[in-house]
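Read the structure below first, then the notes.
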Amino acid sequence: MQTEPQTIVEMKQVLEAALLTAAQPLALEDLLRLFAGRMERATLRMLLDELKSDWQTRTMELTQVASGWRFQARAEYAPFLARLNPEKPQRYSRVALETLAIIAYRQPVTRGDIENIRGVAVNPNIIRQLQEREWIDVVGQRDVPGRPSLYATTKNFLDDLNLRSLAELPPMENFTQQEIPLGL
Amino acid sequence: MQTEPQTIVEMKQVLEAALLTAAQPLALEDLLRLFAGRMERATLRMLLDELKSDWQTRTMELTQVASGWRFQARAEYAPFLARLNPEKPQRYSRVALETLAIIAYRQPVTRGDIENIRGVAVNPNIIRQLQEREWIDVVGQRDVPGRPSLYATTKNFLDDLNLRSLAELPPMENFTQQEIPLGL
Amino acid sequence: MIPTVLPAPTNARIHGETLASLPQDLYIPPDALEVYLEAFEGPLDLLLYLICKHNLDILDIPMADLTLQYMQYVEKMRAVKLELAADYLLMSAMLIEIKSRMLLPKPAEIEQEDDPRAQLVRRLMEYESIKLAAQRLDAMPQVGSEILVAQAYYQQIIETQPPIVSLDDLIAAWKAVLERASHFTHHKVSRAELSVREHMSQILRRLQKEKLVEFAALFNVESDGIAKLVVCFLAILELVREGLVRMTQQAEFSPIYIQISHAD
């Protein structure tokens, strides 16, 4: 049978091992069970305080939450740990993809152009979303009343889609010739 | 934005924080993601070795199992930690253990193979029980009539038994491979 | 529990050498028979037990004794719990077959024939080693009981990732646009090479910075091939046609300048 921990150091080690491997915070009652009844509450509290300060400058901090004590990673590590479980990348809505496709294939275009082609109003959020991603930008204004912005795709967009130039986008001419009366 | 860890000490801290909070073994690929691609595999291995020896005399040990690296409490703390959960996780029945042993040592095997070795019909519940634990899975079908499923053990099984590979399983008593001298 | 007082044999005898102490003889209370039989994991397990209990050599099984004892157990089993017996009955048939083959006189020319017990012995040994392996697996420390894995808490933050767009997504979207546009026949979708449109954007970007650019300066005659020069020229024509740029020339044969169209 295991000999019970004798020294303060050994007792703190048992506490540390329990707290690092516990899936839930451990209440004082749980922690007392570790020592099979041979531990005073006051001593336990003192040990926890010591353990807490032992870890003061380390990766974990010993904290007390509603249901007990737990070790938790210091906040500064959270951004790194987040990389382990990246959120599933979202997808753009159909509207956003179509807006992007129109800008890519028919640039430079205004919002009005996009609306004409899609037959519905353009949601300004979608344009902003694509601009924030630095996939499109304003390359000028059309010389008509209201001077609407002309949008075009950027180098970033090409990079992100692994293209060297727009000419590498698959040509859709065959398709368009059949399907659309072209205004040439 | 988080500044990336610059020094060896900082890198080891990021690794430690990740491994102490992971609950599952972390593969080298996972650990590389912590550094957003700015880490060489060789450096990572070196850091893991250092981290392992940093913890040499502490409560946890950094170990490598089939699916990666994890911190686990040193064996000497197990009797104390067991006091936290007096209900022992249920051990498997003899039938289940024999089925598992056949799959582990003779994999990949079909239910028919298991039945041949044990001389009794396989209870489908036992196969399901082992599959639910993610200790075994179907790795293919044998190319015979009925195309029976071939079962093999998983990485999870090795992880849970603290093994890096099947080769680390205790060697099997090899009665069968010897020529059997018959007392004629 | 009755099965625990019936240590199932873990080791048989090989060539007279005992690998483990033999289990004690059994006393089976009649009402416990069912439980007792369930303690065996099948006919091989029972056979191993009998071999062990009666101190038989696994490599030189006296088939008559073994078969007789085995049949006695199977009879008990049939009386109590019939559904248990199917696998056991199969084994009885096999034992009787082996026994009868051993009784038959062998013609001299096939004296080299395998001992009919060989296959049974192989199976018994294979099963014996699996039983041992199962016990060893059970004895190994396992995560959740003997092994406790670090799982300290951490504040989960979700690192948001920008949506992924594949080339296929983009093309599918464009096809959908064109398909729908075909219903608005009043709208004219002009046709131009993509590389032309790309140049249009590039020229516009440049004109935003430089305001006024000489026509000739838009062409990189030294580095661009003919095809690219033509594309550039088409882009300028398209920009003029769409009213996006204005060309000016002060006098005949003086430089042509291009600037963004301004309403003023």
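Here's how to read the names in the structure tokens: chain A, B, ... by the order shown, residue numbers from 1 in each chain, ligand numbers from 1 in the order shown.
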Within 10 Å of region 71-74 of chain B using only C-alpha atoms, minus same-chain residues under 4 positions, as a count of residues only: 37
Could you tell me, as a VMD selection string, which residues of region 7-178 of chain B DSSP assigns to strand (DSSP E or B) when given the backbone? chain B and resid 26 60 to 65 68 to 73 109 136 to 141 149 to 153
Same residues, C-alpha atoms, saved as a PDB file, in the first residue's frame:
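Output below, filename part15.pdb:
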ATOM      1  CA  LEU B  26      -1.504  16.061 -29.001  1.00  0.00           C
ATOM      2  CA  MET B  60       3.384  14.822 -14.100  1.00  0.00           C
ATOM      3  CA  GLU B  61       5.373  13.047 -16.748  1.00  0.00           C
ATOM      4  CA  LEU B  62       5.365  13.983 -20.388  1.00  0.00           C
ATOM      5  CA  THR B  63       4.857  10.752 -22.328  1.00  0.00           C
ATOM      6  CA  GLN B  64       4.472   9.802 -25.925  1.00  0.00           C
ATOM      7  CA  VAL B  65       1.654   7.424 -26.851  1.00  0.00           C
ATOM      8  CA  GLY B  68       0.845  11.959 -29.599  1.00  0.00           C
ATOM      9  CA  TRP B  69       2.165  13.569 -26.436  1.00  0.00           C
ATOM     10  CA  ARG B  70       0.419  14.023 -23.123  1.00  0.00           C
ATOM     11  CA  PHE B  71       1.086  14.834 -19.507  1.00  0.00           C
ATOM     12  CA  GLN B  72      -0.049  12.165 -17.095  1.00  0.00           C
ATOM     13  CA  ALA B  73       0.249  11.871 -13.345  1.00  0.00           C
ATOM     14  CA  VAL B 109      -9.610 -10.466 -37.992  1.00  0.00           C
ATOM     15  CA  ILE B 136     -11.495  -1.356 -32.199  1.00  0.00           C
ATOM     16  CA  ASP B 137     -12.838  -0.425 -35.598  1.00  0.00           C
ATOM     17  CA  VAL B 138     -13.547  -1.897 -38.990  1.00  0.00           C
ATOM     18  CA  VAL B 139     -10.561  -1.578 -41.290  1.00  0.00           C
ATOM     19  CA  GLY B 140     -11.938  -3.377 -44.312  1.00  0.00           C
ATOM     20  CA  GLN B 141     -13.747  -6.449 -45.522  1.00  0.00           C
ATOM     21  CA  SER B 149     -15.739  -6.932 -41.670  1.00  0.00           C
ATOM     22  CA  LEU B 150     -12.122  -7.009 -40.599  1.00  0.00           C
ATOM     23  CA  TYR B 151     -11.529  -5.621 -37.124  1.00  0.00           C
ATOM     24  CA  ALA B 152      -8.365  -3.998 -35.807  1.00  0.00           C
ATOM     25  CA  THR B 153      -7.429  -2.031 -32.712  1.00  0.00           C
TER      26      THR B 153
END
Fit chain A to chain B, all Cα atoms paired in order, least squares. Then write it as a PDB file with C-alpha atoms, in the first residue's frame.
ATOM      1  CA  MET A   1      12.901  42.599  -2.610  1.00  0.00           C
ATOM      2  CA  GLN A   2      13.429  41.306  -6.101  1.00  0.00           C
ATOM      3  CA  THR A   3      14.810  43.857  -8.545  1.00  0.00           C
ATOM      4  CA  GLU A   4      12.569  44.262 -11.557  1.00  0.00           C
ATOM      5  CA  PRO A   5      13.830  42.836 -14.858  1.00  0.00           C
ATOM      6  CA  GLN A   6      15.759  45.510 -16.716  1.00  0.00           C
ATOM      7  CA  THR A   7      16.738  44.081 -20.053  1.00  0.00           C
ATOM      8  CA  ILE A   8      14.725  42.516 -22.848  1.00  0.00           C
ATOM      9  CA  VAL A   9      16.420  39.216 -22.061  1.00  0.00           C
ATOM     10  CA  GLU A  10      15.417  39.359 -18.412  1.00  0.00           C
ATOM     11  CA  MET A  11      11.850  40.279 -19.287  1.00  0.00           C
ATOM     12  CA  LYS A  12      11.596  37.371 -21.704  1.00  0.00           C
ATOM     13  CA  GLN A  13      12.934  35.076 -18.983  1.00  0.00           C
ATOM     14  CA  VAL A  14      10.202  36.129 -16.577  1.00  0.00           C
ATOM     15  CA  LEU A  15       7.623  35.502 -19.302  1.00  0.00           C
ATOM     16  CA  GLU A  16       9.123  32.123 -20.150  1.00  0.00           C
ATOM     17  CA  ALA A  17       9.178  31.001 -16.498  1.00  0.00           C
ATOM     18  CA  ALA A  18       5.553  32.074 -16.062  1.00  0.00           C
ATOM     19  CA  LEU A  19       4.311  30.424 -19.240  1.00  0.00           C
ATOM     20  CA  LEU A  20       6.149  27.150 -18.640  1.00  0.00           C
ATOM     21  CA  THR A  21       4.760  26.814 -15.109  1.00  0.00           C
ATOM     22  CA  ALA A  22       1.198  28.008 -15.725  1.00  0.00           C
ATOM     23  CA  ALA A  23      -1.529  25.404 -15.592  1.00  0.00           C
ATOM     24  CA  GLN A  24      -3.757  27.556 -17.798  1.00  0.00           C
ATOM     25  CA  PRO A  25      -3.119  29.811 -20.775  1.00  0.00           C
ATOM     26  CA  LEU A  26      -2.144  33.270 -19.556  1.00  0.00           C
ATOM     27  CA  ALA A  27      -3.993  36.297 -20.911  1.00  0.00           C
ATOM     28  CA  LEU A  28      -2.173  39.552 -21.655  1.00  0.00           C
ATOM     29  CA  GLU A  29      -3.633  40.970 -18.422  1.00  0.00           C
ATOM     30  CA  ASP A  30      -2.069  38.126 -16.432  1.00  0.00           C
ATOM     31  CA  LEU A  31       1.267  38.635 -18.101  1.00  0.00           C
ATOM     32  CA  LEU A  32       1.179  42.375 -17.418  1.00  0.00           C
ATOM     33  CA  ARG A  33       0.788  41.602 -13.703  1.00  0.00           C
ATOM     34  CA  LEU A  34       4.146  39.817 -13.801  1.00  0.00           C
ATOM     35  CA  PHE A  35       5.760  43.208 -14.250  1.00  0.00           C
ATOM     36  CA  ALA A  36       3.667  44.963 -11.591  1.00  0.00           C
ATOM     37  CA  GLY A  37       2.296  47.517 -13.988  1.00  0.00           C
ATOM     38  CA  ARG A  38       5.664  48.575 -15.374  1.00  0.00           C
ATOM     39  CA  MET A  39       5.003  47.120 -18.828  1.00  0.00           C
ATOM     40  CA  GLU A  40       3.282  48.479 -21.915  1.00  0.00           C
ATOM     41  CA  ARG A  41       0.910  46.184 -23.795  1.00  0.00           C
ATOM     42  CA  ALA A  42       2.756  46.871 -27.045  1.00  0.00           C
ATOM     43  CA  THR A  43       6.098  45.960 -25.496  1.00  0.00           C
ATOM     44  CA  LEU A  44       4.595  42.807 -24.026  1.00  0.00           C
ATOM     45  CA  ARG A  45       3.302  41.760 -27.452  1.00  0.00           C
ATOM     46  CA  MET A  46       6.701  42.390 -28.942  1.00  0.00           C
ATOM     47  CA  LEU A  47       8.359  40.325 -26.194  1.00  0.00           C
ATOM     48  CA  LEU A  48       5.921  37.453 -26.770  1.00  0.00           C
ATOM     49  CA  ASP A  49       6.697  37.497 -30.482  1.00  0.00           C
ATOM     50  CA  GLU A  50      10.405  37.375 -29.738  1.00  0.00           C
ATOM     51  CA  LEU A  51       9.966  34.579 -27.226  1.00  0.00           C
ATOM     52  CA  LYS A  52       7.920  32.680 -29.777  1.00  0.00           C
ATOM     53  CA  SER A  53      10.661  32.903 -32.337  1.00  0.00           C
ATOM     54  CA  ASP A  54      13.339  32.041 -29.747  1.00  0.00           C
ATOM     55  CA  TRP A  55      11.523  28.723 -29.306  1.00  0.00           C
ATOM     56  CA  GLN A  56      10.904  28.186 -33.025  1.00  0.00           C
ATOM     57  CA  THR A  57      13.225  25.218 -33.320  1.00  0.00           C
ATOM     58  CA  ARG A  58      12.754  23.807 -29.848  1.00  0.00           C
ATOM     59  CA  THR A  59      10.537  21.236 -28.125  1.00  0.00           C
ATOM     60  CA  MET A  60       7.758  23.632 -27.152  1.00  0.00           C
ATOM     61  CA  GLU A  61       5.915  26.197 -29.193  1.00  0.00           C
ATOM     62  CA  LEU A  62       4.461  29.371 -27.803  1.00  0.00           C
ATOM     63  CA  THR A  63       0.925  29.605 -29.118  1.00  0.00           C
ATOM     64  CA  GLN A  64      -2.012  31.886 -28.647  1.00  0.00           C
ATOM     65  CA  VAL A  65      -5.334  30.229 -27.880  1.00  0.00           C
ATOM     66  CA  ALA A  66      -8.703  31.751 -27.034  1.00  0.00           C
ATOM     67  CA  SER A  67      -7.916  32.484 -23.390  1.00  0.00           C
ATOM     68  CA  GLY A  68      -4.323  33.524 -23.812  1.00  0.00           C
ATOM     69  CA  TRP A  69      -0.791  32.324 -24.419  1.00  0.00           C
ATOM     70  CA  ARG A  70       0.685  28.987 -23.561  1.00  0.00           C
ATOM     71  CA  PHE A  71       3.662  26.790 -24.285  1.00  0.00           C
ATOM     72  CA  GLN A  72       2.733  23.460 -25.759  1.00  0.00           C
ATOM     73  CA  ALA A  73       4.767  20.461 -26.808  1.00  0.00           C
ATOM     74  CA  ARG A  74       5.187  20.250 -30.590  1.00  0.00           C
ATOM     75  CA  ALA A  75       2.918  17.688 -32.198  1.00  0.00           C
ATOM     76  CA  GLU A  76       5.820  15.425 -33.113  1.00  0.00           C
ATOM     77  CA  TYR A  77       6.378  14.621 -29.423  1.00  0.00           C
ATOM     78  CA  ALA A  78       2.786  13.610 -28.777  1.00  0.00           C
ATOM     79  CA  PRO A  79       3.306   9.913 -29.644  1.00  0.00           C
ATOM     80  CA  PHE A  80       6.146   9.699 -27.108  1.00  0.00           C
ATOM     81  CA  LEU A  81       4.238  11.562 -24.415  1.00  0.00           C
ATOM     82  CA  ALA A  82       1.299   9.233 -25.008  1.00  0.00           C
ATOM     83  CA  ARG A  83       3.491   6.388 -23.788  1.00  0.00           C
ATOM     84  CA  LEU A  84       3.596   7.963 -20.345  1.00  0.00           C
ATOM     85  CA  ASN A  85      -0.126   7.584 -19.871  1.00  0.00           C
ATOM     86  CA  PRO A  86      -1.102   4.526 -21.817  1.00  0.00           C
ATOM     87  CA  GLU A  87      -4.786   3.895 -21.988  1.00  0.00           C
ATOM     88  CA  LYS A  88      -5.837   1.082 -19.744  1.00  0.00           C
ATOM     89  CA  PRO A  89      -5.770  -1.982 -21.942  1.00  0.00           C
ATOM     90  CA  GLN A  90      -9.247  -3.071 -22.862  1.00  0.00           C
ATOM     91  CA  ARG A  91     -10.533  -6.539 -22.368  1.00  0.00           C
ATOM     92  CA  TYR A  92     -12.059  -8.792 -24.927  1.00  0.00           C
ATOM     93  CA  SER A  93     -15.760  -9.504 -24.626  1.00  0.00           C
ATOM     94  CA  ARG A  94     -16.858 -12.894 -23.386  1.00  0.00           C
ATOM     95  CA  VAL A  95     -17.952 -13.823 -26.909  1.00  0.00           C
ATOM     96  CA  ALA A  96     -14.521 -12.959 -28.311  1.00  0.00           C
ATOM     97  CA  LEU A  97     -12.725 -14.946 -25.608  1.00  0.00           C
ATOM     98  CA  GLU A  98     -14.946 -17.956 -26.154  1.00  0.00           C
ATOM     99  CA  THR A  99     -14.436 -17.785 -29.902  1.00  0.00           C
ATOM    100  CA  LEU A 100     -10.697 -17.631 -29.347  1.00  0.00           C
ATOM    101  CA  ALA A 101     -10.829 -20.546 -26.899  1.00  0.00           C
ATOM    102  CA  ILE A 102     -12.766 -22.680 -29.379  1.00  0.00           C
ATOM    103  CA  ILE A 103     -10.283 -21.928 -32.128  1.00  0.00           C
ATOM    104  CA  ALA A 104      -7.387 -22.698 -29.798  1.00  0.00           C
ATOM    105  CA  TYR A 105      -8.776 -25.961 -28.429  1.00  0.00           C
ATOM    106  CA  ARG A 106     -10.576 -27.288 -31.492  1.00  0.00           C
ATOM    107  CA  GLN A 107      -8.578 -25.965 -34.409  1.00  0.00           C
ATOM    108  CA  PRO A 108      -8.849 -26.082 -37.278  1.00  0.00           C
ATOM    109  CA  VAL A 109     -12.475 -24.942 -37.148  1.00  0.00           C
ATOM    110  CA  THR A 110     -14.909 -23.124 -39.383  1.00  0.00           C
ATOM    111  CA  ARG A 111     -17.340 -20.432 -38.338  1.00  0.00           C
ATOM    112  CA  GLY A 112     -20.005 -23.112 -38.580  1.00  0.00           C
ATOM    113  CA  ASP A 113     -18.120 -25.249 -36.048  1.00  0.00           C
ATOM    114  CA  ILE A 114     -17.869 -22.337 -33.665  1.00  0.00           C
ATOM    115  CA  GLU A 115     -21.550 -21.619 -34.048  1.00  0.00           C
ATOM    116  CA  ASN A 116     -22.393 -25.256 -33.393  1.00  0.00           C
ATOM    117  CA  ILE A 117     -20.362 -25.304 -30.228  1.00  0.00           C
ATOM    118  CA  ARG A 118     -21.551 -21.954 -28.870  1.00  0.00           C
ATOM    119  CA  GLY A 119     -25.109 -22.367 -30.110  1.00  0.00           C
ATOM    120  CA  VAL A 120     -25.183 -18.803 -31.465  1.00  0.00           C
ATOM    121  CA  ALA A 121     -24.109 -17.065 -34.650  1.00  0.00           C
ATOM    122  CA  VAL A 122     -20.520 -15.808 -34.758  1.00  0.00           C
ATOM    123  CA  ASN A 123     -20.065 -12.073 -35.117  1.00  0.00           C
ATOM    124  CA  PRO A 124     -17.749 -11.628 -38.123  1.00  0.00           C
ATOM    125  CA  ASN A 125     -16.169  -8.599 -36.403  1.00  0.00           C
ATOM    126  CA  ILE A 126     -14.780 -10.837 -33.718  1.00  0.00           C
ATOM    127  CA  ILE A 127     -13.107 -13.092 -36.262  1.00  0.00           C
ATOM    128  CA  ARG A 128     -11.710 -10.017 -38.003  1.00  0.00           C
ATOM    129  CA  GLN A 129     -10.495  -8.540 -34.711  1.00  0.00           C
ATOM    130  CA  LEU A 130      -8.603 -11.745 -33.906  1.00  0.00           C
ATOM    131  CA  GLN A 131      -7.199 -11.921 -37.432  1.00  0.00           C
ATOM    132  CA  GLU A 132      -6.017  -8.296 -37.293  1.00  0.00           C
ATOM    133  CA  ARG A 133      -4.227  -9.076 -34.095  1.00  0.00           C
ATOM    134  CA  GLU A 134      -2.614 -11.949 -35.980  1.00  0.00           C
ATOM    135  CA  TRP A 135      -3.719 -14.395 -33.355  1.00  0.00           C
ATOM    136  CA  ILE A 136      -5.708 -16.565 -35.798  1.00  0.00           C
ATOM    137  CA  ASP A 137      -5.492 -17.158 -39.502  1.00  0.00           C
ATOM    138  CA  VAL A 138      -7.080 -19.202 -42.242  1.00  0.00           C
ATOM    139  CA  VAL A 139      -5.289 -22.476 -42.758  1.00  0.00           C
ATOM    140  CA  GLY A 140      -7.575 -23.938 -45.419  1.00  0.00           C
ATOM    141  CA  GLN A 141     -11.140 -24.484 -46.456  1.00  0.00           C
ATOM    142  CA  ARG A 142     -13.392 -27.311 -45.527  1.00  0.00           C
ATOM    143  CA  ASP A 143     -14.477 -29.333 -48.482  1.00  0.00           C
ATOM    144  CA  VAL A 144     -18.189 -28.755 -48.099  1.00  0.00           C
ATOM    145  CA  PRO A 145     -20.596 -26.484 -49.975  1.00  0.00           C
ATOM    146  CA  GLY A 146     -19.562 -22.880 -49.509  1.00  0.00           C
ATOM    147  CA  ARG A 147     -16.001 -23.999 -48.760  1.00  0.00           C
ATOM    148  CA  PRO A 148     -15.895 -22.282 -45.355  1.00  0.00           C
ATOM    149  CA  SER A 149     -12.521 -21.089 -44.063  1.00  0.00           C
ATOM    150  CA  LEU A 150     -10.745 -23.135 -41.459  1.00  0.00           C
ATOM    151  CA  TYR A 151      -9.297 -21.047 -38.631  1.00  0.00           C
ATOM    152  CA  ALA A 152      -6.324 -21.923 -36.454  1.00  0.00           C
ATOM    153  CA  THR A 153      -4.202 -20.052 -33.936  1.00  0.00           C
ATOM    154  CA  THR A 154      -0.859 -18.625 -35.002  1.00  0.00           C
ATOM    155  CA  LYS A 155       2.649 -18.516 -33.606  1.00  0.00           C
ATOM    156  CA  ASN A 156       1.963 -14.937 -32.582  1.00  0.00           C
ATOM    157  CA  PHE A 157      -0.836 -16.134 -30.367  1.00  0.00           C
ATOM    158  CA  LEU A 158       1.486 -18.607 -28.672  1.00  0.00           C
ATOM    159  CA  ASP A 159       4.143 -15.917 -28.239  1.00  0.00           C
ATOM    160  CA  ASP A 160       1.697 -13.432 -26.758  1.00  0.00           C
ATOM    161  CA  LEU A 161       0.437 -15.999 -24.265  1.00  0.00           C
ATOM    162  CA  ASN A 162       3.961 -17.052 -23.518  1.00  0.00           C
ATOM    163  CA  LEU A 163       3.463 -20.628 -24.719  1.00  0.00           C
ATOM    164  CA  ARG A 164       5.841 -22.715 -26.751  1.00  0.00           C
ATOM    165  CA  SER A 165       3.157 -24.919 -28.210  1.00  0.00           C
ATOM    166  CA  LEU A 166      -0.557 -25.525 -27.898  1.00  0.00           C
ATOM    167  CA  ALA A 167       0.259 -28.632 -25.901  1.00  0.00           C
ATOM    168  CA  GLU A 168       1.177 -26.253 -23.076  1.00  0.00           C
ATOM    169  CA  LEU A 169      -2.409 -25.098 -22.805  1.00  0.00           C
ATOM    170  CA  PRO A 170      -3.781 -26.793 -19.719  1.00  0.00           C
ATOM    171  CA  PRO A 171      -5.503 -30.003 -20.784  1.00  0.00           C
ATOM    172  CA  MET A 172      -9.199 -29.855 -20.187  1.00  0.00           C
ATOM    173  CA  GLU A 173      -9.778 -33.534 -20.779  1.00  0.00           C
ATOM    174  CA  ASN A 174     -10.666 -34.457 -17.222  1.00  0.00           C
ATOM    175  CA  PHE A 175     -13.159 -31.721 -17.186  1.00  0.00           C
ATOM    176  CA  THR A 176     -14.650 -32.626 -20.535  1.00  0.00           C
ATOM    177  CA  GLN A 177     -14.888 -36.297 -19.762  1.00  0.00           C
ATOM    178  CA  GLN A 178     -17.060 -35.577 -16.790  1.00  0.00           C
ATOM    179  CA  GLU A 179     -19.175 -32.903 -18.276  1.00  0.00           C
ATOM    180  CA  ILE A 180     -19.629 -33.734 -21.904  1.00  0.00           C
ATOM    181  CA  PRO A 181     -20.615 -36.873 -23.690  1.00  0.00           C
ATOM    182  CA  LEU A 182     -17.786 -37.210 -26.116  1.00  0.00           C
ATOM    183  CA  GLY A 183     -18.356 -38.388 -29.607  1.00  0.00           C
ATOM    184  CA  LEU A 184     -15.488 -40.745 -30.056  1.00  0.00           C
TER     185      LEU A 184
END
Run DSSP on the backbone and give me the residues of region 5-172 of chain B it puts in helix (DSSP H, G or I), as a ChimeraX atom specification. /B:8-21,28-34,41-54,75-82,94-106,111-118,124-132,155-160,166-168
Once you count only C-alpha atoms, which residues of chain C turn out to be within 9 Å of chain B? Could you give them as number ranges by chain? C: 15, 41-45, 59-61, 86-88, 91, 115, 117-118, 121-138, 140-154
One-decimal distance in Å that lies between CA of Ala216 (chain C) and CA of Met247 (chain C):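 Going from CA of Met247 (chain C) over to CA of Ala216 (chain C) covers 12.0 Å.
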